[in-house]
Each structure stands twice: as structure tokens, then as C-alpha cells.
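Source file: start-v4.cif; contents: mmCIF, C-alpha atoms.
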data_input
#
loop_
_atom_site.label_atom_id
_atom_site.label_comp_id
_atom_site.auth_asym_id
_atom_site.auth_seq_id
_atom_site.Cartn_x
_atom_site.Cartn_y
_atom_site.Cartn_z
CA MET F 1 -49.74 35.59 -70.41
CA ALA F 2 -47.01 33.24 -69.24
CA THR F 3 -47.72 30.91 -66.36
CA THR F 4 -45.16 29.70 -63.87
CA THR F 5 -45.09 26.10 -62.93
CA VAL F 6 -43.93 25.26 -59.44
CA HIS F 7 -42.10 22.01 -58.99
CA ASP F 8 -42.30 20.34 -55.62
CA ALA F 9 -39.48 18.46 -53.94
CA THR F 10 -40.36 15.26 -55.79
CA GLY F 11 -40.04 16.90 -59.22
CA ARG F 12 -43.79 16.88 -59.88
CA ASP F 13 -45.68 19.96 -60.97
CA GLY F 14 -47.80 21.74 -58.46
CA PRO F 15 -47.45 23.57 -55.20
CA PRO F 16 -45.10 22.04 -52.61
CA ARG F 17 -46.83 19.84 -50.09
CA ALA F 18 -46.51 20.73 -46.47
CA GLY F 19 -45.47 18.12 -43.96
CA THR F 20 -43.42 15.94 -46.26
CA PRO F 21 -40.76 13.75 -44.63
CA GLU F 22 -38.06 15.92 -46.18
CA ASP F 23 -39.33 19.01 -44.35
CA ARG F 24 -39.70 17.38 -40.92
CA PRO F 25 -36.80 17.89 -38.47
CA ARG F 26 -34.72 14.79 -38.06
CA ARG F 27 -34.00 13.49 -34.59
CA PRO F 28 -30.33 12.97 -33.87
CA ARG F 29 -29.43 9.36 -33.73
CA ARG F 30 -28.05 8.10 -30.46
CA PRO F 31 -24.56 6.75 -30.79
CA ARG F 32 -24.38 3.03 -30.37
CA ARG F 33 -22.54 1.97 -27.27
CA SER F 34 -19.71 -0.36 -28.06
CA LEU F 35 -19.30 -3.47 -25.94
CA LEU F 36 -15.55 -3.52 -26.46
CA PRO F 37 -14.65 -1.47 -23.32
CA TYR F 38 -16.79 -3.75 -21.14
CA LEU F 39 -15.27 -6.84 -22.69
CA LEU F 40 -11.77 -5.51 -22.03
CA LEU F 41 -12.63 -4.73 -18.41
CA ALA F 42 -14.39 -8.06 -17.81
CA PRO F 43 -11.24 -10.13 -17.01
CA ALA F 44 -10.03 -7.54 -14.48
CA VAL F 45 -13.47 -7.37 -12.85
CA VAL F 46 -13.71 -11.16 -12.63
CA LEU F 47 -10.24 -11.43 -11.08
CA GLU F 48 -11.00 -8.61 -8.64
CA LEU F 49 -14.17 -10.37 -7.54
CA ALA F 50 -12.45 -13.75 -7.23
CA ILE F 51 -9.33 -12.54 -5.44
CA HIS F 52 -10.54 -9.68 -3.25
CA VAL F 53 -14.29 -9.14 -3.04
CA VAL F 54 -15.50 -12.73 -2.62
CA PRO F 55 -12.83 -13.70 -0.01
CA MET F 56 -13.58 -10.46 1.83
CA LEU F 57 -17.28 -11.30 2.02
CA VAL F 58 -16.51 -14.87 3.06
CA GLY F 59 -14.20 -13.59 5.80
CA ALA F 60 -16.89 -11.23 7.06
CA TRP F 61 -19.35 -14.15 7.21
CA MET F 62 -16.80 -16.34 9.00
CA SER F 63 -16.41 -13.66 11.68
CA LEU F 64 -20.05 -14.23 12.63
CA LEU F 65 -19.59 -17.97 13.17
CA GLU F 66 -17.97 -20.05 15.87
CA LEU F 67 -15.75 -21.63 13.26
CA THR F 68 -13.17 -23.76 15.05
CA GLN F 69 -11.38 -26.99 14.25
CA PHE F 70 -14.51 -28.94 15.15
CA HIS F 71 -16.53 -27.32 12.35
CA ILE F 72 -13.92 -26.55 9.72
CA ARG F 73 -14.82 -29.61 7.63
CA ASP F 74 -18.49 -28.61 7.46
CA TRP F 75 -19.25 -24.91 7.83
CA SER F 76 -22.97 -25.58 8.02
CA THR F 77 -22.53 -27.08 11.48
CA ALA F 78 -20.76 -24.00 12.84
CA PRO F 79 -23.13 -22.11 15.16
CA PHE F 80 -23.97 -18.49 14.37
CA VAL F 81 -22.75 -16.24 17.20
CA GLY F 82 -23.21 -12.80 15.63
CA ALA F 83 -20.91 -10.17 17.14
CA GLU F 84 -19.62 -12.45 19.91
CA ASN F 85 -16.24 -12.87 18.22
CA TYR F 86 -15.83 -9.09 17.98
CA ARG F 87 -16.74 -8.70 21.64
CA VAL F 88 -14.11 -11.24 22.66
CA VAL F 89 -11.21 -9.93 20.55
CA LEU F 90 -11.99 -6.26 21.31
CA ASP F 91 -12.34 -6.79 25.05
CA PHE F 92 -8.93 -5.50 26.08
CA ASP F 93 -9.41 -6.72 29.66
CA SER F 94 -9.41 -10.33 28.48
CA ALA F 95 -6.34 -12.30 27.45
CA ALA F 96 -7.27 -12.33 23.74
CA GLY F 97 -8.02 -8.61 23.68
CA ALA F 98 -4.86 -7.70 25.60
CA ALA F 99 -2.74 -9.74 23.17
CA LEU F 100 -4.39 -8.04 20.20
CA LEU F 101 -3.88 -4.59 21.76
CA HIS F 102 -0.19 -5.32 22.33
CA SER F 103 0.16 -6.50 18.73
CA PHE F 104 -1.62 -3.36 17.51
CA GLN F 105 0.74 -1.12 19.50
CA VAL F 106 3.79 -2.92 18.13
CA THR F 107 2.41 -2.56 14.59
CA VAL F 108 1.77 1.17 15.00
CA LEU F 109 5.31 1.77 16.27
CA TYR F 110 6.74 -0.40 13.53
CA THR F 111 4.74 1.41 10.83
CA VAL F 112 5.61 4.92 12.04
CA CYS F 113 9.33 4.17 12.27
CA SER F 114 9.52 2.27 8.99
CA VAL F 115 7.51 4.78 6.94
CA GLY F 116 9.24 7.81 8.45
CA LEU F 117 12.79 6.52 8.02
CA SER F 118 12.06 5.11 4.56
CA TRP F 119 10.72 8.48 3.44
CA VAL F 120 13.70 10.36 4.88
CA LEU F 121 16.23 8.03 3.25
CA GLY F 122 14.42 7.98 -0.08
CA THR F 123 14.04 11.76 -0.21
CA THR F 124 17.65 12.35 0.80
CA ALA F 125 18.98 9.99 -1.85
CA ALA F 126 16.71 11.44 -4.55
CA VAL F 127 17.76 15.03 -3.77
CA LEU F 128 21.46 14.18 -3.67
CA LEU F 129 21.25 12.33 -6.99
CA GLN F 130 19.29 15.08 -8.71
CA ARG F 131 22.32 16.84 -10.15
CA PRO F 132 24.15 14.99 -12.96
CA PHE F 133 27.58 13.56 -12.21
CA ARG F 134 29.65 10.63 -13.34
CA GLY F 135 28.24 7.33 -12.09
CA ARG F 136 24.81 8.69 -11.20
CA GLY F 137 22.99 6.11 -13.31
CA LEU F 138 24.91 3.27 -11.65
CA LEU F 139 24.03 4.56 -8.18
CA ARG F 140 20.35 4.87 -9.10
CA ALA F 141 20.27 1.29 -10.34
CA LEU F 142 22.11 0.12 -7.22
CA PHE F 143 19.68 1.90 -4.90
CA LEU F 144 16.71 0.25 -6.61
CA THR F 145 18.12 -3.26 -6.17
CA PRO F 146 16.34 -4.00 -2.83
CA TYR F 147 13.00 -3.03 -4.39
CA ALA F 148 13.61 -5.26 -7.42
CA LEU F 149 14.56 -8.36 -5.43
CA PRO F 150 11.84 -10.90 -4.60
CA VAL F 151 10.59 -10.62 -1.05
CA TYR F 152 11.47 -14.15 0.01
CA THR F 153 14.97 -13.96 -1.44
CA ALA F 154 15.76 -10.69 0.30
CA VAL F 155 14.29 -11.60 3.69
CA ILE F 156 15.87 -15.08 3.76
CA THR F 157 19.23 -13.45 3.07
CA TRP F 158 18.70 -11.10 6.00
CA SER F 159 17.76 -14.03 8.24
CA PHE F 160 21.18 -15.56 7.54
CA LEU F 161 22.89 -12.21 8.16
CA PHE F 162 21.22 -11.95 11.57
CA GLN F 163 22.30 -15.40 12.77
CA ARG F 164 23.97 -15.22 16.16
CA ASP F 165 27.00 -17.46 15.55
CA ASN F 166 27.48 -17.40 11.78
CA GLY F 167 25.79 -14.15 10.77
CA LEU F 168 27.65 -11.32 9.09
CA VAL F 169 26.09 -8.67 11.34
CA ASN F 170 27.57 -10.07 14.54
CA HIS F 171 30.85 -10.79 12.76
CA VAL F 172 31.22 -7.14 11.78
CA LEU F 173 29.94 -5.64 15.03
CA VAL F 174 31.75 -8.00 17.42
CA ASP F 175 34.81 -9.39 15.66
CA GLN F 176 35.84 -6.51 13.40
CA LEU F 177 34.54 -3.27 14.91
CA HIS F 178 34.47 -4.52 18.53
CA LEU F 179 31.36 -2.46 19.24
CA LEU F 180 29.72 -5.27 21.22
CA GLY F 181 31.25 -7.52 23.81
CA ASP F 182 29.00 -10.50 23.26
CA ARG F 183 27.10 -11.83 20.26
CA PRO F 184 23.46 -10.75 20.61
CA PHE F 185 20.42 -12.62 19.38
CA TRP F 186 18.72 -10.67 16.60
CA LEU F 187 15.81 -12.94 15.73
CA ILE F 188 14.54 -13.51 19.28
CA GLY F 189 14.15 -11.29 22.30
CA ASP F 190 14.31 -7.52 22.43
CA ASN F 191 16.47 -7.17 19.32
CA SER F 192 13.86 -8.83 17.09
CA PHE F 193 11.96 -5.57 16.66
CA ALA F 194 15.13 -3.77 15.53
CA ALA F 195 15.94 -6.58 13.08
CA LEU F 196 12.43 -6.47 11.63
CA LEU F 197 12.58 -2.69 11.32
CA ILE F 198 15.95 -2.78 9.54
CA VAL F 199 14.69 -5.27 6.96
CA SER F 200 11.50 -3.28 6.41
CA ILE F 201 13.36 -0.02 5.86
CA TRP F 202 15.85 -1.73 3.56
CA ARG F 203 12.97 -2.98 1.41
CA SER F 204 10.79 0.17 1.50
CA TRP F 205 13.11 3.13 1.06
CA PRO F 206 13.97 2.38 -2.62
CA PHE F 207 10.27 2.78 -3.47
CA ALA F 208 10.24 6.17 -1.74
CA PHE F 209 13.44 7.05 -3.59
CA LEU F 210 11.86 6.11 -6.94
CA CYS F 211 8.68 8.14 -6.33
CA VAL F 212 10.49 11.23 -5.07
CA MET F 213 13.00 11.06 -7.90
CA ALA F 214 10.12 11.01 -10.40
CA GLY F 215 8.54 13.99 -8.65
CA LEU F 216 11.76 15.97 -8.78
CA GLN F 217 11.81 15.66 -12.56
CA ASN F 218 8.63 17.76 -12.76
CA ILE F 219 9.97 20.73 -10.76
CA PRO F 220 10.95 23.54 -13.16
CA ALA F 221 14.60 24.53 -13.01
CA ASP F 222 13.56 28.20 -13.19
CA LEU F 223 12.36 28.03 -9.59
CA TYR F 224 15.79 26.97 -8.36
CA GLU F 225 17.49 29.62 -10.49
CA ALA F 226 15.19 32.33 -9.15
CA ALA F 227 15.76 31.16 -5.56
CA ALA F 228 19.53 31.12 -6.11
CA MET F 229 19.43 34.66 -7.51
CA ASP F 230 17.58 35.75 -4.37
CA GLY F 231 20.42 34.36 -2.27
CA ALA F 232 18.72 31.16 -1.06
CA GLY F 233 21.11 28.41 -0.08
CA PHE F 234 20.66 24.64 -0.35
CA TRP F 235 18.54 24.23 2.79
CA ARG F 236 16.42 27.26 1.95
CA ARG F 237 15.71 25.95 -1.56
CA LEU F 238 14.91 22.54 -0.11
CA ARG F 239 12.45 23.99 2.39
CA SER F 240 10.84 26.61 0.14
CA VAL F 241 10.94 25.00 -3.31
CA THR F 242 11.58 21.25 -3.25
CA LEU F 243 9.34 20.08 -0.41
CA PRO F 244 6.30 22.26 -1.36
CA MET F 245 6.51 21.08 -4.98
CA LEU F 246 6.79 17.46 -3.84
CA ARG F 247 3.72 17.71 -1.62
CA PRO F 248 1.31 15.94 -4.06
CA VAL F 249 3.79 13.09 -4.51
CA ASN F 250 4.45 12.77 -0.78
CA LEU F 251 0.74 12.64 0.04
CA VAL F 252 0.25 9.54 -2.09
CA LEU F 253 3.63 8.05 -1.18
CA LEU F 254 3.07 8.20 2.58
CA LEU F 255 -0.39 6.68 2.27
CA VAL F 256 0.85 3.78 0.14
CA LEU F 257 3.79 3.13 2.46
CA PHE F 258 1.50 3.20 5.47
CA LEU F 259 -0.91 0.65 4.00
CA TRP F 260 1.88 -1.63 2.79
CA THR F 261 3.77 -1.55 6.07
CA PHE F 262 0.78 -1.90 8.38
CA ASN F 263 -0.39 -4.95 6.44
CA ASP F 264 3.09 -6.41 6.04
CA PHE F 265 3.00 -10.18 6.46
CA ASN F 266 5.76 -11.57 4.26
CA THR F 267 8.66 -9.85 6.03
CA PRO F 268 7.96 -11.08 9.60
CA TYR F 269 6.71 -14.46 8.41
CA VAL F 270 9.86 -15.25 6.44
CA LEU F 271 12.24 -13.60 8.90
CA PHE F 272 10.95 -15.37 12.02
CA GLY F 273 9.61 -18.53 10.43
CA GLY F 274 5.91 -17.90 11.02
CA SER F 275 6.22 -17.50 14.80
CA ALA F 276 7.33 -13.96 15.58
CA PRO F 277 8.55 -13.14 19.11
CA GLU F 278 6.43 -10.97 21.34
CA GLN F 279 8.53 -7.87 20.67
CA ALA F 280 7.86 -8.15 16.91
CA ASP F 281 4.34 -9.56 16.98
CA LEU F 282 2.64 -7.58 14.22
CA VAL F 283 -1.12 -7.67 13.70
CA SER F 284 -0.77 -9.67 10.48
CA ILE F 285 1.26 -12.40 12.23
CA HIS F 286 -1.06 -12.31 15.24
CA ILE F 287 -4.10 -12.91 13.03
CA TYR F 288 -2.33 -15.71 11.20
CA ARG F 289 -1.35 -17.41 14.44
CA SER F 290 -4.84 -17.01 15.89
CA SER F 291 -6.40 -18.54 12.78
CA PHE F 292 -4.01 -21.27 11.64
CA LYS F 293 -2.21 -22.18 14.88
CA THR F 294 -5.18 -22.35 17.25
CA TRP F 295 -7.73 -23.16 14.52
CA ASP F 296 -10.06 -20.40 15.68
CA PHE F 297 -11.06 -18.98 12.30
CA GLY F 298 -14.03 -17.08 13.70
CA SER F 299 -11.89 -14.92 15.99
CA GLY F 300 -9.20 -14.55 13.31
CA SER F 301 -11.78 -13.36 10.81
CA ALA F 302 -13.15 -10.88 13.34
CA MET F 303 -9.65 -9.47 13.82
CA SER F 304 -9.21 -9.20 10.06
CA VAL F 305 -12.49 -7.32 9.62
CA ALA F 306 -11.63 -5.00 12.51
CA LEU F 307 -8.23 -4.32 10.93
CA LEU F 308 -9.89 -3.60 7.58
CA LEU F 309 -12.29 -1.13 9.16
CA PHE F 310 -9.44 0.60 10.98
CA LEU F 311 -7.43 1.01 7.79
CA LEU F 312 -10.49 2.32 5.94
CA LEU F 313 -11.12 4.90 8.65
CA VAL F 314 -7.49 6.02 8.69
CA THR F 315 -7.39 6.26 4.90
CA ALA F 316 -10.66 8.21 4.73
CA GLY F 317 -9.52 10.59 7.47
CA TYR F 318 -6.16 11.09 5.77
CA LEU F 319 -7.77 11.86 2.41
CA LEU F 320 -10.30 14.26 3.95
CA LEU F 321 -7.57 16.09 5.86
CA THR F 322 -5.29 16.43 2.86
CA ASN F 323 -8.14 17.57 0.60
CA ARG F 324 -9.21 20.17 3.14
CA ARG F 325 -5.70 21.54 3.38
CA ARG F 326 -5.48 21.62 -0.40
CA ASN F 327 -8.73 23.55 -0.66
CA ASP F 328 -7.65 26.00 2.05
CA ALA F 329 -4.39 26.62 0.24
#
When written as C-alpha cells, how does the structure in this file appear?
Amino acid sequence: MATTTVHDATGRDGPPRAGTPEDRPRRPRRPRRSLLPYLLLAPAVVLELAIHVVPMLVGAWMSLLELTQFHIRDWSTAPFVGAENYRVVLDFDSAAGAALLHSFQVTVLYTVCSVGLSWVLGTTAAVLLQRPFRGRGLLRALFLTPYALPVYTAVITWSFLFQRDNGLVNHVLVDQLHLLGDRPFWLIGDNSFAALLIVSIWRSWPFAFLCVMAGLQNIPADLYEAAAMDGAGFWRRLRSVTLPMLRPVNLVLLLVLFLWTFNDFNTPYVLFGGSAPEQADLVSIHIYRSSFKTWDFGSGSAMSVALLLFLLLVTAGYLLLTNRRRNDA
């Protein structure tokens, strides 16, 4: 009678053994986490901490001190006053609070006018240059020139243009077009706000033009063809097709323009030489003058922190409102 020999997994004769390592289920190995992404992000994180986070924390600490010119050489001697600086600068019945409130109102008006007009000009130019025609590329490059110029170069040029006796603006308005009887002052007095607003719009609208032009490239041409077949004219297509499709772009664009304009420091500083007139006293210039002209860094830091909190609240409210409308739609 023939016998059958059973070979186990190791090649030896005999019944297979239970519980051998080959029969046990293997646990999946966890993938090793590479350190390369963290190493690549490390320089950006270090720069962010050094440029933004650490100065922000230092400014918040300075707002709790009575840091004036008598203690600027040794911060340890500056007395801790807590929220006293906030109480002084936010007391709108006092001289400091009234000046800050006036500066805040000027900044709000300046931001609304600059952002609104920049968006209108940028959108209009992008829509008009959407269709191909001869010279379109040259016009696009020309429109982007103000955005490509350095800030100081552009604003210094405008400061020469606004000169009362030798400026090109008065020469055109008074000598050539005869629209004004006398040469007005543009960099002081009531006209300073208009001059600041013109320079801001001139610098901001090319960015709106660039963003809207990029958004128009993503709108399918079939939508315009279908609207044209239904008898929709230019304004109807603009209202029913272009603007609704540009809504995601405009949401981000308006927020970025608002933050840039409200925090604008370079334009008024270069245009007015660091001492803006009362009619164009933006919050950024007001904080600078309160800190570096009167050497009251505690109050200036308190104004900066209050401005930061205001911008954070406005940004959070804007994002919540837009997200709610998007979810409802």
C-alpha cells in the first residue's frame, strides 16, 4: 500500500506546522514620512516668523507699555500700563481719539472710492479688450504699465505733475484747456484728497484689469453664443453672463484691493513727504506720525493693533457673508 508523504513549507517531510511565520498575517508597514517637504517649507516659515509674526507680537507688547522717548533706549524701564493706551486712543471725546476717528473716516472714504473706481475701470477695460482686434496686445501691455512700475518711481512722478507752478496738471487745466482760472494747490489743502485718490486709482486699476481679464478667459464662448441667439444684447449679456461668471474672481479681487488700499502707506508718504495734510490723513500716516514724530510708540502700537483687529473683523465678516450667499445659491 502506497503512502503519501506530506511536505511542509520548509521542504521537510511531515505534516505542516500551524502558526509558522509564513502563515501569520503580515501587518502593513507604515510609509516613512519624508523630511523633504518640511525642509523646503522651513525657509518660508522662518522668514514669516521673522518678518510678520515676531514684529506683530512685539508691537502688541509695546501697546501695553508707556513707551515714549524717555524709555526708548531701554524698554525695561518703560512702565506697564495695560490697556491704558487703548483707552486713550479710542476715547473719541479726547484730542487723540478725535484725530484717530477723523483719520479713520478719511481712510474709509478713500478706500471705498479707490476700490470702487479701480474695479469699474479694470472691468470696463477687460471687457472692451476681450474681443481680438489689431493692437490689442499693445493696449494690454500699456494698461499694465502703472502696475509694473515701482511705487516710489510712480508716486514721485505724480508729485512733480501736481506741482502748482511747474506741474503738468495745472499747465493743461489752466494754460491749455482754460478750465480753471487760477492754479490750485494739489498737494495741500482740500485738493490733497483728490490728488491722493487719483494716484491710488492709477496704481490699482491695472491689477483689477489683470484679474478680470484672466477671469474672462475661463467663461465658455457657448454661453455668449446662446445668449446672442436668444436675442440678448451687449448689456444683457454683461449683466446675465459676464458678471455672474466673474463673481468668484470679484470676491477675491475686492477683498485684496480693500486690504491693500486701507493699509496703503507708500502712496501718501511719498506723495506728501511723510506729513500728509488733514484732508488726506490716512490711518497709516496717522500711526506713523504718532509713533515716529511724537515718539509715543505705546499709543502708536495700540493704534496698529486696533487697526489689525478691525481688518480681521471686516475680512472674517466678508468671508462669512460671501460663503453664506454661495451656499444659499
Margin query: When the PyMOL selection byres ((chain F and resi 121-135) around 6) is applied to the structure above, which residues does it catch, written out as a list of chain:residue names?
Written below: F:Ser118, F:Trp119, F:Val120, F:Arg136, F:Gly137, F:Leu138, F:Trp205, F:Ala208, F:Phe209, F:Met213
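Of the listed residues (F:Val53, F:Ala95, F:Ala302, F:Val252), F:Val252 comes nearest to Leu319 of chain F; the distances count all atoms listed in the file.
You will find atom CA of Asn218 of chain F at 26.4 Å from atom CA of Trp202 of chain F.
Going from atom CA of Leu255 of chain F to atom CA of Arg203 of chain F covers 16.5 Å.
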Notebook entry, point to check: Which of these residues is nearest to Leu246 of chain F, using only C-alpha atoms: F:Val89, F:Ala214, F:Leu36, F:Leu259?
Noted result: F:Ala214
Checklist line | Minimum-distance residue to Val199 of chain F, chosen among F:Arg236, F:Leu257, F:Ala227, F:Leu271 (using all atoms listed in the file) | finding: F:Leu271
Checklist line | Cut-off 7 Å around (-16.5, -6.5, 15.2) with all atoms listed in the file: residues as an MDAnalysis selection string | finding: chainID F and resid 83 86:87 302 305:306
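Against this structure, the PyMOL selection byres ((chain F and resi 105) around 12) ends up with Ala98, Ala99, Leu100, Leu101, His102, Ser103, Phe104, Val106, Thr107, Val108, Leu109, Tyr110, Thr111, Val112, Phe262, Glu278, Gln279, Ala280, Asp281, Leu282 and Val283 of chain F.
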Note to self: Please determine, counting all atoms listed in the file, which residue among F:Thr267, F:Ser290, F:Leu251, F:Asp222 has the shortest atom-to-atom distance to Thr315 of chain F.
What the structure shows: F:Leu251
Margin query: Env of segment 71-79 of chain F: 12 Å cut, atoms = all atoms listed in the file, seq-sep filter 5 positions within chain, self excluded. Answer as number ranges by chain.
Written below: F: 58, 61-66, 84-85, 291-292, 295-298
Notebook entry, point to check: Smallest atom-to-atom distance to Leu216 of chain F: which of F:Ser204, F:Ser299, F:Asn250, F:Ser192, using all atoms listed in the file?
Noted result: F:Asn250
